[in-house]
Structure formats: structure tokens, C-alpha cells
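Here's data-v2.csv, which has CSV, C-alpha atoms:
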chain,number,residue,atom,x,y,z
A,28,MET,CA,-128.6,-201.4,-45.4
A,29,ALA,CA,-126.0,-202.9,-43.1
A,30,PRO,CA,-122.6,-201.1,-43.0
A,31,GLY,CA,-120.3,-202.5,-45.6
A,32,ALA,CA,-123.1,-204.2,-47.5
A,33,GLU,CA,-122.6,-202.0,-50.6
A,34,THR,CA,-118.8,-202.8,-50.7
A,35,LEU,CA,-119.6,-206.5,-50.1
A,36,GLY,CA,-122.1,-206.4,-53.0
A,37,ARG,CA,-119.7,-204.7,-55.3
A,38,THR,CA,-117.0,-207.3,-54.4
A,39,ARG,CA,-119.4,-210.1,-55.1
A,40,SER,CA,-120.4,-208.7,-58.4
A,41,SER,CA,-116.7,-208.3,-59.3
A,42,GLU,CA,-116.1,-211.9,-58.4
A,43,ALA,CA,-119.1,-213.0,-60.5
A,44,VAL,CA,-117.7,-211.1,-63.5
A,45,VAL,CA,-114.3,-212.8,-63.0
A,46,ILE,CA,-115.9,-216.3,-62.5
A,47,ALA,CA,-118.1,-215.9,-65.5
A,48,GLY,CA,-115.7,-213.9,-67.6
A,49,VAL,CA,-112.5,-215.9,-67.4
A,50,PRO,CA,-113.9,-219.2,-68.7
A,51,ALA,CA,-115.8,-217.3,-71.4
A,52,PHE,CA,-112.6,-215.4,-72.4
A,53,VAL,CA,-110.6,-218.6,-72.5
A,54,SER,CA,-113.2,-220.5,-74.5
A,55,LEU,CA,-113.4,-217.6,-77.0
A,56,LEU,CA,-109.6,-217.7,-77.4
A,57,THR,CA,-109.6,-221.4,-77.8
A,58,TYR,CA,-112.3,-221.2,-80.4
A,59,SER,CA,-110.3,-218.6,-82.2
A,60,TYR,CA,-107.3,-220.8,-82.2
A,61,GLU,CA,-109.3,-223.8,-83.4
A,62,TYR,CA,-110.9,-221.7,-86.1
A,63,GLY,CA,-107.5,-220.4,-87.2
A,64,PHE,CA,-106.3,-224.0,-87.4
A,65,ALA,CA,-109.3,-225.4,-89.2
A,66,SER,CA,-109.7,-222.5,-91.7
A,67,THR,CA,-106.2,-223.2,-93.0
A,68,PHE,CA,-107.6,-226.4,-94.4
A,69,ALA,CA,-110.9,-224.8,-95.3
A,70,VAL,CA,-112.8,-226.8,-92.7
A,71,PRO,CA,-116.3,-225.3,-92.3
A,72,TRP,CA,-116.5,-223.1,-89.2
A,73,ARG,CA,-119.7,-224.8,-88.1
A,74,LEU,CA,-117.8,-228.0,-87.5
A,75,VAL,CA,-115.3,-226.3,-85.2
A,76,SER,CA,-115.8,-226.5,-81.5
A,77,VAL,CA,-113.8,-225.7,-78.4
A,78,THR,CA,-111.4,-228.4,-77.0
A,79,TRP,CA,-110.2,-227.5,-73.5
A,80,ALA,CA,-106.9,-229.3,-74.0
A,81,MET,CA,-105.9,-226.4,-76.3
A,82,ALA,CA,-106.8,-223.7,-73.8
A,83,PHE,CA,-103.6,-223.9,-71.8
A,84,THR,CA,-101.4,-223.6,-74.9
A,85,VAL,CA,-103.3,-220.6,-76.2
A,86,CYS,CA,-103.2,-218.9,-72.8
A,87,ALA,CA,-99.5,-219.5,-72.4
A,88,TYR,CA,-98.7,-218.0,-75.9
A,89,LEU,CA,-100.9,-215.1,-75.1
A,90,VAL,CA,-99.3,-214.3,-71.8
A,91,VAL,CA,-95.9,-214.2,-73.4
A,92,VAL,CA,-97.1,-211.8,-76.2
A,93,LEU,CA,-99.0,-209.6,-73.9
A,94,PHE,CA,-96.1,-209.3,-71.6
A,95,PHE,CA,-93.9,-207.9,-74.3
A,96,TRP,CA,-96.6,-205.6,-75.4
A,97,TRP,CA,-97.1,-204.3,-71.9
A,98,LEU,CA,-93.4,-203.9,-71.5
A,99,GLY,CA,-93.3,-201.8,-74.7
A,100,VAL,CA,-96.2,-199.6,-73.4
A,101,GLN,CA,-94.5,-199.0,-70.1
A,102,THR,CA,-91.2,-198.1,-71.8
A,103,ILE,CA,-92.9,-195.6,-74.1
A,104,LEU,CA,-94.7,-194.0,-71.1
A,105,LEU,CA,-91.5,-193.7,-69.2
A,106,LEU,CA,-89.6,-192.2,-72.2
A,107,SER,CA,-92.3,-189.9,-73.6
A,108,ARG,CA,-92.2,-186.2,-72.8
A,109,SER,CA,-95.8,-185.4,-73.7
A,110,SER,CA,-99.2,-187.1,-73.8
A,111,LEU,CA,-99.4,-186.6,-77.6
A,112,VAL,CA,-96.1,-188.4,-78.1
A,113,ALA,CA,-97.2,-191.1,-75.7
A,114,TYR,CA,-100.5,-191.7,-77.4
A,115,SER,CA,-99.1,-191.8,-80.9
A,116,SER,CA,-96.2,-193.9,-79.9
A,117,ILE,CA,-98.4,-196.5,-78.2
A,118,TRP,CA,-100.8,-196.5,-81.2
A,119,TRP,CA,-98.1,-196.9,-83.9
A,120,GLY,CA,-95.9,-199.1,-81.7
A,121,SER,CA,-98.8,-201.5,-80.9
A,122,THR,CA,-100.0,-201.6,-84.5
A,123,LEU,CA,-96.5,-202.3,-85.7
A,124,PHE,CA,-96.0,-204.9,-83.0
A,125,PHE,CA,-99.1,-206.8,-83.8
A,126,PHE,CA,-98.4,-206.5,-87.6
A,127,LEU,CA,-95.0,-208.2,-87.0
A,128,VAL,CA,-96.6,-210.9,-84.8
A,129,GLU,CA,-99.1,-211.6,-87.5
A,130,PHE,CA,-96.5,-211.6,-90.2
A,131,TYR,CA,-94.3,-214.0,-88.2
A,132,LEU,CA,-97.1,-216.3,-87.3
A,133,ARG,CA,-98.9,-216.5,-90.7
A,134,LYS,CA,-95.9,-215.9,-93.0
A,135,GLN,CA,-98.3,-213.8,-95.1
A,136,THR,CA,-99.9,-210.5,-94.7
A,137,ASP,CA,-103.6,-210.1,-94.9
A,138,PHE,CA,-103.8,-206.4,-95.5
A,139,LEU,CA,-107.5,-206.2,-95.0
A,140,ILE,CA,-107.2,-207.6,-91.5
A,141,PHE,CA,-104.2,-205.3,-90.9
A,142,ALA,CA,-106.2,-202.3,-92.0
A,143,ALA,CA,-109.2,-203.3,-89.9
A,144,GLY,CA,-106.9,-203.9,-86.9
A,145,THR,CA,-105.3,-200.5,-87.4
A,146,ALA,CA,-108.7,-198.8,-87.5
A,147,LEU,CA,-109.9,-200.7,-84.5
A,148,SER,CA,-106.8,-199.8,-82.5
A,149,ALA,CA,-107.4,-196.2,-83.4
A,150,VAL,CA,-110.9,-196.5,-82.0
A,151,LEU,CA,-109.7,-198.2,-78.9
A,152,TYR,CA,-107.0,-195.6,-78.2
A,153,TYR,CA,-109.3,-192.7,-79.0
A,154,PRO,CA,-110.7,-192.4,-75.5
A,155,MET,CA,-107.1,-192.0,-74.3
A,156,ALA,CA,-106.5,-189.2,-76.8
A,157,CYS,CA,-109.8,-187.4,-75.8
A,158,HIS,CA,-108.9,-187.7,-72.1
A,159,PHE,CA,-105.4,-186.4,-72.3
A,160,LEU,CA,-105.4,-184.1,-75.3
A,161,SER,CA,-108.6,-182.1,-74.8
B,28,MET,CA,-109.5,-177.7,-82.4
B,29,VAL,CA,-106.5,-176.9,-80.3
B,30,PHE,CA,-104.7,-179.8,-78.6
B,31,GLN,CA,-103.3,-178.9,-75.2
B,32,MET,CA,-100.7,-181.3,-73.9
B,33,LYS,CA,-101.3,-181.9,-70.2
B,34,GLU,CA,-98.4,-182.8,-68.1
B,35,ALA,CA,-98.7,-185.0,-65.0
B,36,LYS,CA,-99.5,-183.4,-61.7
B,37,GLY,CA,-97.4,-185.9,-59.7
B,38,GLY,CA,-93.7,-186.3,-59.5
B,39,ARG,CA,-93.3,-189.1,-62.0
B,40,PRO,CA,-93.9,-188.3,-65.7
B,41,PHE,CA,-97.3,-189.3,-67.0
B,42,GLU,CA,-98.6,-190.8,-63.8
B,43,ASP,CA,-102.1,-190.0,-65.0
B,44,VAL,CA,-101.6,-191.9,-68.3
B,45,ARG,CA,-100.3,-194.9,-66.3
B,46,ASN,CA,-103.1,-194.7,-63.8
B,47,TRP,CA,-105.8,-194.5,-66.5
B,48,LEU,CA,-104.3,-197.4,-68.4
B,49,THR,CA,-104.1,-199.6,-65.3
B,50,SER,CA,-107.4,-198.6,-63.8
B,51,GLY,CA,-109.6,-198.7,-66.9
B,52,PRO,CA,-111.1,-202.2,-66.9
B,53,THR,CA,-113.3,-201.7,-69.9
B,54,PHE,CA,-110.4,-200.4,-72.0
B,55,LEU,CA,-108.2,-203.2,-70.8
B,56,MET,CA,-110.9,-205.8,-71.5
B,57,ALA,CA,-111.5,-204.5,-75.0
B,58,ILE,CA,-107.8,-204.6,-75.8
B,59,LEU,CA,-107.4,-208.1,-74.4
B,60,LEU,CA,-110.4,-209.3,-76.4
B,61,PHE,CA,-109.2,-207.8,-79.6
B,62,VAL,CA,-105.6,-208.8,-79.2
B,63,GLY,CA,-106.5,-212.2,-77.8
B,64,ILE,CA,-108.8,-213.2,-80.6
B,65,SER,CA,-106.6,-212.1,-83.4
B,66,ILE,CA,-103.4,-213.6,-82.0
B,67,SER,CA,-105.2,-216.9,-81.1
B,68,ARG,CA,-106.5,-217.2,-84.7
B,69,ASP,CA,-103.0,-216.5,-86.1
B,70,LEU,CA,-101.5,-219.1,-83.7
B,71,GLY,CA,-104.0,-221.7,-84.9
B,72,SER,CA,-103.1,-220.9,-88.5
B,73,PHE,CA,-99.4,-220.9,-87.7
B,74,GLU,CA,-99.7,-224.4,-86.0
B,75,ALA,CA,-101.7,-225.7,-88.9
B,76,SER,CA,-99.1,-224.6,-91.5
B,77,ARG,CA,-96.2,-226.2,-89.6
B,78,GLN,CA,-97.7,-229.4,-88.1
B,79,VAL,CA,-96.0,-232.5,-89.4
B,80,GLU,CA,-97.6,-235.3,-87.6
B,81,PHE,CA,-101.2,-236.2,-88.4
B,82,TYR,CA,-103.5,-239.1,-87.8
B,83,VAL,CA,-104.3,-241.0,-91.0
B,84,VAL,CA,-107.3,-243.2,-91.5
B,85,PRO,CA,-106.2,-246.0,-93.8
B,86,GLY,CA,-108.3,-246.8,-96.8
B,87,SER,CA,-108.6,-245.9,-100.4
B,88,PRO,CA,-108.4,-243.0,-100.6
B,89,GLU,CA,-106.6,-242.2,-97.4
B,90,THR,CA,-108.0,-239.5,-95.2
B,91,VAL,CA,-106.1,-237.2,-92.7
B,92,VAL,CA,-107.6,-236.2,-89.4
B,93,LEU,CA,-107.8,-232.4,-89.3
B,94,GLY,CA,-109.7,-232.0,-86.0
B,95,MET,CA,-111.2,-234.0,-83.2
B,96,TYR,CA,-114.0,-232.1,-81.5
B,97,GLY,CA,-115.4,-234.3,-78.8
B,98,ASP,CA,-117.1,-237.2,-80.4
B,99,THR,CA,-116.6,-236.0,-83.9
B,100,ILE,CA,-113.6,-236.4,-86.1
B,101,VAL,CA,-113.2,-234.2,-89.1
B,102,SER,CA,-111.0,-235.7,-91.8
B,103,ALA,CA,-110.3,-234.9,-95.4
B,104,HIS,CA,-108.8,-236.7,-98.4
B,105,PHE,CA,-105.2,-235.9,-99.1
B,106,GLU,CA,-102.5,-236.6,-101.6
B,107,ARG,CA,-99.4,-237.9,-99.9
B,108,ASN,CA,-96.9,-236.9,-102.7
B,109,THR,CA,-97.9,-233.3,-103.0
B,110,LYS,CA,-98.9,-232.9,-99.4
B,111,THR,CA,-102.2,-231.3,-100.4
B,112,VAL,CA,-105.5,-231.6,-98.6
B,113,ARG,CA,-108.6,-231.8,-100.8
B,114,LYS,CA,-111.7,-229.9,-99.8
B,115,ASP,CA,-113.9,-233.0,-99.4
B,116,PHE,CA,-114.4,-233.8,-95.8
B,117,VAL,CA,-115.4,-237.0,-94.0
B,118,ILE,CA,-117.1,-236.5,-90.7
B,119,VAL,CA,-116.9,-239.6,-88.4
B,120,LYS,CA,-118.8,-240.1,-85.2
B,121,LEU,CA,-116.6,-242.0,-82.8
B,122,SER,CA,-119.6,-243.5,-81.0
B,123,ALA,CA,-120.7,-245.0,-84.3
B,124,ASN,CA,-117.2,-246.3,-85.1
B,125,PRO,CA,-115.7,-247.5,-81.9
B,126,ALA,CA,-113.0,-249.6,-83.6
B,127,LEU,CA,-111.7,-246.8,-85.9
B,128,ASN,CA,-108.2,-247.4,-87.0
B,129,LEU,CA,-106.0,-244.3,-86.7
B,130,ARG,CA,-102.3,-244.2,-87.6
B,131,LEU,CA,-100.0,-241.3,-86.5
B,132,GLU,CA,-97.7,-240.5,-89.4
B,133,GLN,CA,-95.3,-237.7,-90.5
B,134,ILE,CA,-97.0,-236.5,-93.6
B,135,GLY,CA,-97.0,-232.7,-93.2
B,136,PRO,CA,-96.8,-229.9,-93.4
B,137,LEU,CA,-100.1,-230.0,-95.3
B,138,HIS,CA,-101.7,-227.3,-97.4
B,139,LEU,CA,-104.6,-226.7,-99.7
B,140,PRO,CA,-104.1,-227.0,-103.4
B,141,LYS,CA,-103.1,-223.7,-105.1
Please rewrite the model in this file as C-alpha cells.
Amino acid sequence: MAPGAETLGRTRSSEAVVIAGVPAFVSLLTYSYEYGFASTFAVPWRLVSVTWAMAFTVCAYLVVVLFFWWLGVQTILLLSRSSLVAYSSIWWGSTLFFFLVEFYLRKQTDFLIFAAGTALSAVLYYPMACHFLS
Amino acid sequence: MVFQMKEAKGGRPFEDVRNWLTSGPTFLMAILLFVGISISRDLGSFEASRQVEFYVVPGSPETVVLGMYGDTIVSAHFERNTKTVRKDFVIVKLSANPALNLRLEQIGPLHLPK
């Protein structure tokens, strides 16, 4: 193998993931947005399809929300004095943050979705706990 | 099980936590996916519950356009006075109705009957 070929191959595969992944991610978000809109009026989900015109709006909203979430995580990491405090603060902080976002956006609280989200966030943050608390 | 709190080896506090968070693409992608889908769905629901202007297809009864997906228009019958959308949908193919009359009106925010 030529020198640098492995690095080049890895770079190309990363580029491929980005090239394939970003449009897939954006279309998934746009579909979720359209589904949220249509389900409010009980439109069957099979009728919903992605419209690319909405993709920019969805991404712009998401960037703003994620920016504040990331800011919160960074603040917690700076202020925390132990890994346990950091982990639990991020978990509860994120859960509360997304609960408030959902409450503000929907003006109603779907507790089943909230419970599922809390459980899922615990699963997502679990590797962090294992890594730093073991 | 005994939890041992591990402090950072570097100068800045919790450098390892920060590094792990920023260098874990799988973790970050999972978070982005979960957060992105749930917030996008909520945003759609939020927009739907606040939108005032809708396209109306004149006729008897009138129908309101709830979505335009490419060539397909999904509309539903609605009651103007109570601002409620009925659950009977009319699906129109634009290619089959090239001269479809649509009128933009302030009839919302609309909701389903309780």
C-alpha cells in the first residue's frame, strides 16, 4: 500500500459518510416536521412526504436550539467539581431543557413521550457514566 | 458497586469529559438524531397550531389545503365559524387539475373537533 493511502481512504470514507449522511439527516428532520404539522390535523402519515423548501426552516430552528443546549452543557462542565455531578447535571438539565422546549412548542405535555425521552436520554448518557464513574 | 469519581489529569477541570463529548461521533450523532427528530416534530405541530393563512378551495363544502407534497394536494373540509377541520380528506393531483382555483385566506388557527 502506498504511503498515506490508509489515511486517504479514511478521509474519503469520512467524506462519503458526510455526503450521504447530511442529506439523509436533513430529509429525516424535514419529514419529522411535516409529520408534526400533518398529524395536528390527523392527516394520514402515508400521505406526508418531504418538501425541501421546509428543510432550511427546520435546520435554522434546530441550530438555535442546539446552540443553547451545547452552551448549557459547556457551562455545566466548567462549573462541575466531579464527574458524577457533571453527568447527572447534564442528564437532568437536558431532560428539563427539552421538556420546556416541547412544552413551549406544543402548549401541551405528552407525558408518554416525555417519559420515553427521559429513558432514552438515560440510555444515551449511560456510556458517559460507565466511562467516567467506573 | 462503588463509584469512583475520577478527576481530570490535565490542568483544566474535566478535560477528559469535554474531550469525550467532542470526539465521540456516534454519541453526538445519536443525540442529534434523537433531539432533531423530536424537536422537528414539535416545531411542525407548533406551526400547525398557530398558522393563520391557508389556501382554500372554493366549493360546497369548502376545503382547506393542509399540505402540498409535490404533485399532490391534501385538503380537508372545514367549518369556517368554529375553525375546525373535519377528518374527511380530499386528495387532488395537480397534474389532473391544472386549473385548480386556490384562494389564500386568513381562516386559522385551525384545529380538530374536540
* Counting only C-alpha atoms, note down every residue that has an atom within 8 Å of the point (-119.1, -236.0, -86.6) (file coordinates), as a PyMOL selection string. => chain B and resi 98-101+118-121
* **Straight-line distance linking CA of Val91 in chain A with CA of Leu106 in chain A, stated in Å to one decimal** =>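 Separation between CA of Val91 in chain A and CA of Leu106 in chain A: 22.9 Å.
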* If you measure from CA of Tyr62 in chain A to CA of Gly135 in chain B, what distance in Å do you get, rounded to one decimal? ->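 Separating CA of Tyr62 in chain A from CA of Gly135 in chain B is a distance of 19.1 Å.
Of the listed residues A:Leu56, A:Gly99, A:Pro71, A:Thr122, the one whose atoms come nearest to chain B is A:Leu56, with distances taken using only C-alpha atoms.
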* How many Å separate CA of Ser59 in chain A from CA of Phe94 in chain A? -> 20.0 Å
* To do: Identify, on the basis of only C-alpha atoms, every residue whose closest approach to Leu137 in chain B does not exceed 10 Å; exclude the query and any residue fewer than 2 positions from it along the same chain; express the result as a PyMOL selection string.
  => (chain A and resi 67-68) or (chain B and resi 75-81+91+105-107+109-112+134-135+139-140)
